[in-house]
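> Provided herewith is a single structure, encoded as structure tokens, for subsequent inquiry.
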Amino acid sequence: MRYVVILAGGSGTRLWPLSRKGMPKQLLPLINGKSLLRLAFERSLALAPAQRILIVTGAAHAAEVAVQLPELPASNILGEPTGRDSLNAVAWAAAVLHATDPDAVIAHVTADHLIEPVETLTAVIETAFDLVEAEPRALVTLGVVPTSAHTGYGYLHRGAEIPGVPGAHQVVEFAEKPAAEVAEQYLASGEYWWNAGMFIWRADTLLEQLRLLLPDTYASVLALAAEPHRISEIFPRLFKTSVDYAVMEPVSAGRGSATVLAVALPVSWRDVGGFSSLAEILPADEAGNATSGTVTARESSGNVVLNAADGSLIALLGVDDLVVVRTADITMVTRRDRTEQIKDLVAAVTATFGDRFA
């Protein structure tokens with residue numbers, strides 16, 4: 001049977017102070033009053049009923065997830081007591097589903113992307129489902145057809161076409177986030193796709209790769225699925241790594257017992273990971289100021305201004321290319337070209353004030 005697992009972990013530090021430990025970015029009502037998680041759930045309903053959709057999130061956020069997704073059975077929310085990266089999120093969900101359905105086929109999708117048109121995404125994932133059901137040893141990922149030489153995304157180097165499946169290719173290698181000149185080469189070659197971080201596979205095929213590549217993780221997630229009351233004992237001890245590093249890259253290089261395939265995803269795809277990407281979806285004035293909340297700007301251009309403090313005003317005069325964010329207890333100002341260093345700022349704030357402003 002087909003299932004969807006939405007990966008909704010992560011702290012969204014690059015969107016601080018909007019995104020906080022208690023309310024990370026995927027739970028914020030950023031898009032027309034809806035959260036990224038809610039949008040991901042609504043997309044997933046085209047692939048499976050709510051009873052076959054699981055959410056993997058932080059245990060501290062499980063209650064808010066339940067509020068935002070009232071259609072979802074409470075048992076379908078898997079709360080991680082601590083973040084152990086993407087491998088353990090997908091492996092835990094696969095072990096849970098395999099325990100009740102040995103033939104489970106899973107689409108792992110993300111909760112921090114904007115994807116349009118939704119109909120194209122649905123059709124591509126259904127193609128991937130069909131591919132996995134025809135080729136049970138396939139690990140399928142989705143490759144977004146690039147529209148620019150983006151340096152903030154990982155890339156897939158695609159190989160030979162898969163006969164009879166339009167848009168499907170073998171994967172030659174996974175490439176890390178490239179330097180600008182390398183990204184230009186990737187784009188010019190026409191052989192690379194952005195790595196969307198979404199995967200479709202049989203649960204037993206993924207678990208078999210873990211048995212071969214990371215046997216300790218394999219044993220641990222099976223134990224966790226069988227004895228969920230041991231989560232506080234087992235989960236924090238899992239080896240922290242990404243599914244790309246642990247499974248997809250070594251299997252594409254010939255290790256393991258599966259094959260790695262990719263299906264083209266020709267959509268508008270935005271990873272809402274920071275203020276630059278968020279600015280792309282906010283309304284902007286004639287001077288290019290992207291704003292949210294009560295804001296006024298005079299003789300200013302290219303700013304990103306978000307006012308989340310009720311009853312307050314942010315007023316700009318004669319400034320350019322800033323990011324200004326105001327919440328009830330924090331005001332953050334930086335230059336747009338320094339937003340990648342917000343993580344460092346959060347670390348410094350936490351070192352000084354503890355978790356009060358984290």
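As shown in the structure tokens, the chain order sets the letters A, B, ...; within each chain, residues go from 1, and ligands are also counted from 1 in the order they appear.
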Per DSSP on the backbone, filter stretch 114-291 of chain A down to the residues in strand (DSSP E or B) and report them as a VMD selection string.
chain A and resid 114 to 116 138 to 144 155 to 161 168 to 175 192 to 202 259 to 265 268 to 271 284 290 to 291
> Using only C-alpha atoms, find each residue of stretch 228-264 of chain A with at least one atom at most 9 Å away from an atom of stretch 170-182 of chain A; report its shortest atom-to-atom pair and that distance in Å (one decimal), sort the rows by chain and rising residue number, and return the result as a tab-separated table.

```
residue	atom	partner	partner_atom	distance
A:Asp244	CA	A:Phe174	CA	8.0
A:Met248	CA	A:Phe174	CA	8.0
A:Glu249	CA	A:Phe174	CA	6.1
A:Ser252	CA	A:Glu173	CA	6.2
A:Ala253	CA	A:Glu173	CA	7.1
A:Thr259	CA	A:Gln170	CA	7.9
A:Val260	CA	A:Val171	CA	5.8
A:Leu261	CA	A:Gln170	CA	4.5
A:Ala262	CA	A:Gln170	CA	6.2
A:Val263	CA	A:Gln170	CA	8.9
```
> Need the shell around A:Thr217: protein/DNA/RNA residues with any atom at most 12 Å away, counting only C-alpha atoms. Skip same-chain ones fewer than 2 positions apart. Format as a PyMOL selection string?
chain A and resi 84+87-92+95+206-215+219-224+234-241+243+246-247
> With only C-alpha atoms as the counted atoms, please give the residues lying no more than 10 Å from A:Leu114, apart from itself and same-chain residues fewer than 2 positions off, as a list of chain:residue names.
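The residues that qualify are A:Ile31, A:Leu36, A:Leu39, A:Ala40, A:Thr110, A:Ala111, A:Asp112, A:Glu116, A:Pro117, A:Val118, A:Val267, A:Ser268, A:Trp269, A:Arg270, A:Asp271, A:Val272, A:Ile281.
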> Mind dumping the selected residues with N, CA and C atoms as a PDB file, in the first residue's frame?

```pdb
ATOM      1  N   ILE A  31       2.176  31.574   4.571  1.00  0.00           N
ATOM      2  CA  ILE A  31       1.635  31.636   3.211  1.00  0.00           C
ATOM      3  C   ILE A  31       0.122  31.776   3.268  1.00  0.00           C
ATOM      4  N   LEU A  36       3.650  26.055   6.203  1.00  0.00           N
ATOM      5  CA  LEU A  36       4.252  25.174   5.204  1.00  0.00           C
ATOM      6  C   LEU A  36       3.848  23.723   5.452  1.00  0.00           C
ATOM      7  N   LEU A  39       0.328  23.198   4.095  1.00  0.00           N
ATOM      8  CA  LEU A  39       0.357  23.103   2.633  1.00  0.00           C
ATOM      9  C   LEU A  39       0.884  21.743   2.183  1.00  0.00           C
ATOM     10  N   ALA A  40       1.931  21.245   2.857  1.00  0.00           N
ATOM     11  CA  ALA A  40       2.478  19.934   2.504  1.00  0.00           C
ATOM     12  C   ALA A  40       1.443  18.838   2.744  1.00  0.00           C
ATOM     13  N   THR A 110       8.864  16.810   1.966  1.00  0.00           N
ATOM     14  CA  THR A 110       9.341  17.812   2.917  1.00  0.00           C
ATOM     15  C   THR A 110       8.233  18.801   3.277  1.00  0.00           C
ATOM     16  N   ALA A 111       8.415  19.458   4.430  1.00  0.00           N
ATOM     17  CA  ALA A 111       7.421  20.410   4.914  1.00  0.00           C
ATOM     18  C   ALA A 111       7.932  21.839   4.867  1.00  0.00           C
ATOM     19  N   ASP A 112       9.009  22.086   4.144  1.00  0.00           N
ATOM     20  CA  ASP A 112       9.548  23.460   4.128  1.00  0.00           C
ATOM     21  C   ASP A 112       9.770  23.979   2.711  1.00  0.00           C
ATOM     22  N   GLU A 116       4.897  24.476  -7.003  1.00  0.00           N
ATOM     23  CA  GLU A 116       3.789  24.758  -7.920  1.00  0.00           C
ATOM     24  C   GLU A 116       4.183  24.356  -9.337  1.00  0.00           C
ATOM     25  N   PRO A 117       3.254  23.817 -10.128  1.00  0.00           N
ATOM     26  CA  PRO A 117       1.880  23.484  -9.739  1.00  0.00           C
ATOM     27  C   PRO A 117       1.816  22.175  -8.966  1.00  0.00           C
ATOM     28  N   VAL A 118       0.892  22.099  -8.046  1.00  0.00           N
ATOM     29  CA  VAL A 118       0.746  20.913  -7.202  1.00  0.00           C
ATOM     30  C   VAL A 118       0.401  19.692  -8.049  1.00  0.00           C
ATOM     31  N   VAL A 267       8.897  21.817 -11.857  1.00  0.00           N
ATOM     32  CA  VAL A 267       7.993  22.687 -11.113  1.00  0.00           C
ATOM     33  C   VAL A 267       8.743  23.931 -10.662  1.00  0.00           C
ATOM     34  N   SER A 268       7.977  24.892 -10.178  1.00  0.00           N
ATOM     35  CA  SER A 268       8.550  26.005  -9.426  1.00  0.00           C
ATOM     36  C   SER A 268       8.732  25.515  -8.003  1.00  0.00           C
ATOM     37  N   TRP A 269       9.976  25.476  -7.560  1.00  0.00           N
ATOM     38  CA  TRP A 269      10.324  24.844  -6.280  1.00  0.00           C
ATOM     39  C   TRP A 269      11.157  25.807  -5.466  1.00  0.00           C
ATOM     40  N   ARG A 270      10.640  26.182  -4.323  1.00  0.00           N
ATOM     41  CA  ARG A 270      11.371  27.111  -3.459  1.00  0.00           C
ATOM     42  C   ARG A 270      11.569  26.476  -2.093  1.00  0.00           C
ATOM     43  N   ASP A 271      12.807  26.442  -1.692  1.00  0.00           N
ATOM     44  CA  ASP A 271      13.136  26.031  -0.332  1.00  0.00           C
ATOM     45  C   ASP A 271      13.068  27.277   0.543  1.00  0.00           C
ATOM     46  N   VAL A 272      12.030  27.381   1.370  1.00  0.00           N
ATOM     47  CA  VAL A 272      11.838  28.575   2.189  1.00  0.00           C
ATOM     48  C   VAL A 272      12.743  28.449   3.420  1.00  0.00           C
ATOM     49  N   ILE A 281       8.327  35.415  -2.049  1.00  0.00           N
ATOM     50  CA  ILE A 281       6.891  35.131  -2.020  1.00  0.00           C
ATOM     51  C   ILE A 281       6.100  36.193  -1.266  1.00  0.00           C
TER      52      ILE A 281
END
```
> Hey, what's within 10 Å of A:Gln341 if we count only C-alpha atoms and toss same-chain stuff fewer than 5 positions away? As a list of chain:residue names, please?
A:Arg14, A:Thr334, A:Val346
> Write out as a PyMOL selection string which residues come within 8 Å of A:Val324 when counting only C-alpha atoms, dropping same-chain ones fewer than 2 positions away.
chain A and resi 303-306+322+326+331-334
> Return the single residue from A:Ser75, A:Thr82, A:Thr122, A:Thr13 that is closest to A:Arg43, with distances computed using only C-alpha atoms.
A:Thr122
> If you run DSSP on the backbone, which residues of stretch 93-308 of chain A are alpha helix (DSSP H), as a ChimeraX atom specification?
/A:93-100,118-134,180-189,203-213,215-226,231-234,243,249-252,275-279
> Residues of the last selection are to be written out with C-alpha atoms, as a compact mmCIF listing (two decimals), in the first residue's frame.

```txt
# COMPACT_ATOMS: atom_id res chain seq x y z
CA ALA A 93 8.99 5.93 9.75
CA ALA A 94 9.92 3.07 7.40
CA ALA A 95 10.34 0.67 10.32
CA VAL A 96 6.98 1.71 11.82
CA LEU A 97 5.14 1.22 8.53
CA HIS A 98 6.92 -2.02 7.66
CA ALA A 99 5.89 -3.49 11.01
CA THR A 100 2.21 -3.27 10.04
CA VAL A 118 0.75 20.91 -7.20
CA GLU A 119 -0.78 18.77 -9.95
CA THR A 120 2.65 18.26 -11.52
CA LEU A 121 4.16 17.21 -8.20
CA THR A 122 1.33 14.72 -7.67
CA ALA A 123 1.78 13.23 -11.14
CA VAL A 124 5.56 12.89 -10.70
CA ILE A 125 5.26 11.17 -7.31
CA GLU A 126 2.65 8.80 -8.75
CA THR A 127 5.12 7.99 -11.55
CA ALA A 128 7.75 7.31 -8.88
CA PHE A 129 5.30 5.07 -6.99
CA ASP A 130 4.67 3.12 -10.21
CA LEU A 131 8.41 2.84 -10.81
CA VAL A 132 9.09 1.45 -7.32
CA GLU A 133 6.21 -1.01 -7.60
CA ALA A 134 7.67 -2.24 -10.90
CA ALA A 180 29.12 29.62 -8.38
CA GLU A 181 31.37 28.65 -11.29
CA VAL A 182 30.66 24.94 -10.75
CA ALA A 183 26.92 25.59 -10.60
CA GLU A 184 27.18 27.41 -13.93
CA GLN A 185 28.89 24.35 -15.40
CA TYR A 186 26.18 22.08 -14.06
CA LEU A 187 23.46 24.25 -15.57
CA ALA A 188 25.21 24.52 -18.94
CA SER A 189 25.74 20.75 -19.19
CA ALA A 203 10.13 0.33 3.27
CA ASP A 204 11.83 -3.06 3.17
CA THR A 205 14.28 -1.93 0.48
CA LEU A 206 15.41 1.04 2.55
CA LEU A 207 15.70 -1.11 5.66
CA GLU A 208 17.80 -3.65 3.76
CA GLN A 209 20.25 -0.91 2.75
CA LEU A 210 20.52 0.08 6.41
CA ARG A 211 21.20 -3.53 7.37
CA LEU A 212 24.08 -3.59 4.89
CA LEU A 213 25.48 -0.09 5.43
CA PRO A 215 23.62 -2.30 10.89
CA ASP A 216 23.47 -0.56 14.27
CA THR A 217 20.93 1.94 12.96
CA TYR A 218 18.99 -0.89 11.34
CA ALA A 219 18.75 -2.80 14.62
CA SER A 220 17.85 0.32 16.57
CA VAL A 221 14.96 1.47 14.37
CA LEU A 222 13.49 -2.04 14.30
CA ALA A 223 13.65 -2.11 18.09
CA LEU A 224 12.05 1.33 18.25
CA ALA A 225 9.20 0.28 15.98
CA ALA A 226 8.60 -2.83 18.10
CA ILE A 231 12.11 6.06 22.39
CA SER A 232 13.87 8.21 24.99
CA GLU A 233 16.47 5.47 25.36
CA ILE A 234 16.98 4.53 21.70
CA VAL A 243 19.90 9.99 4.27
CA GLU A 249 25.37 8.38 -2.10
CA PRO A 250 26.91 4.98 -1.24
CA VAL A 251 24.17 3.04 -3.05
CA SER A 252 24.56 5.22 -6.16
CA PHE A 275 14.86 35.53 4.28
CA SER A 276 16.00 35.79 0.66
CA SER A 277 13.76 32.89 -0.37
CA LEU A 278 10.93 34.16 1.83
CA ALA A 279 11.20 37.58 0.17
```
> Hey, can you check how far atom CA of A:Asn289 sits from atom CA of A:Gly22?
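Taking atom CA of A:Asn289 and atom CA of A:Gly22, their separation equals 28.6 Å.
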> Restricting the calculation to only C-alpha atoms, which member of A:Ala264, A:Val65, A:Val295, A:Leu54 is positioned closest to A:Val165?
A:Ala264
> Out of A:Gln26, A:Ser300, A:Ser312, A:Asn195, which residue has the shortest atom-to-atom distance to A:Arg38 when counting only C-alpha atoms?
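Checking each of A:Gln26, A:Ser300, A:Ser312, A:Asn195 against A:Arg38, counting only C-alpha atoms, the winner is A:Gln26.
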> Taking 2 positions as the minimum chain separation for residues in the same chain, which residues sit within 12 Å of A:Thr294 when counting only C-alpha atoms? Answer as a ChimeraX atom specification.
/A:290-292,296-297,305-316,325-327
> Include C-alpha atoms and write out the residues we just selected as a CSV table (one decimal), in the first residue's frame.

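Below is the file that was written, again-v6.csv:
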```csv
chain,number,residue,atom,x,y,z
A,290,ALA,CA,9.3,42.9,0.4
A,291,THR,CA,7.2,43.4,3.5
A,292,SER,CA,4.8,41.7,5.9
A,296,THR,CA,6.3,51.9,5.8
A,297,ALA,CA,9.4,52.7,3.7
A,305,VAL,CA,10.8,43.8,6.4
A,306,LEU,CA,8.7,41.6,8.6
A,307,ASN,CA,6.7,43.0,11.5
A,308,ALA,CA,5.1,40.3,13.6
A,309,ALA,CA,4.5,42.5,16.7
A,310,ASP,CA,0.9,43.4,17.0
A,311,GLY,CA,0.1,47.1,17.3
A,312,SER,CA,3.6,48.2,16.2
A,313,LEU,CA,5.1,49.9,13.1
A,314,ILE,CA,8.4,49.5,11.4
A,315,ALA,CA,9.4,52.7,9.5
A,316,LEU,CA,12.4,52.9,7.1
A,325,VAL,CA,12.4,41.5,11.6
A,326,ARG,CA,10.4,42.4,14.7
A,327,THR,CA,8.6,40.0,17.0
```
> Of the residues A:Ala104, A:Leu18, A:Val144, A:Ile6, which is the one nearest to A:Pro266, using only C-alpha atoms?
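Using only C-alpha atoms, A:Pro266 sits closest to A:Val144.
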> Using only C-alpha atoms, can you tell me which of A:Gly190, A:Ala196, A:Asn76, A:Gly318 comes closest to A:Gly152?
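With only C-alpha atoms as the atom set, the closest residue is A:Ala196.
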> So, counting only C-alpha atoms, which residue among A:Asp101, A:Glu280, A:Glu227, A:Ala138 is closest to A:Ala168?
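Between A:Asp101, A:Glu280, A:Glu227, A:Ala138, the residue approaching A:Ala168 most closely is A:Ala138.
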> Do you have the atom CA of A:Arg20-atom CA of A:Leu72 distance handy?
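That distance, rounded to one decimal, is 24.2 Å.
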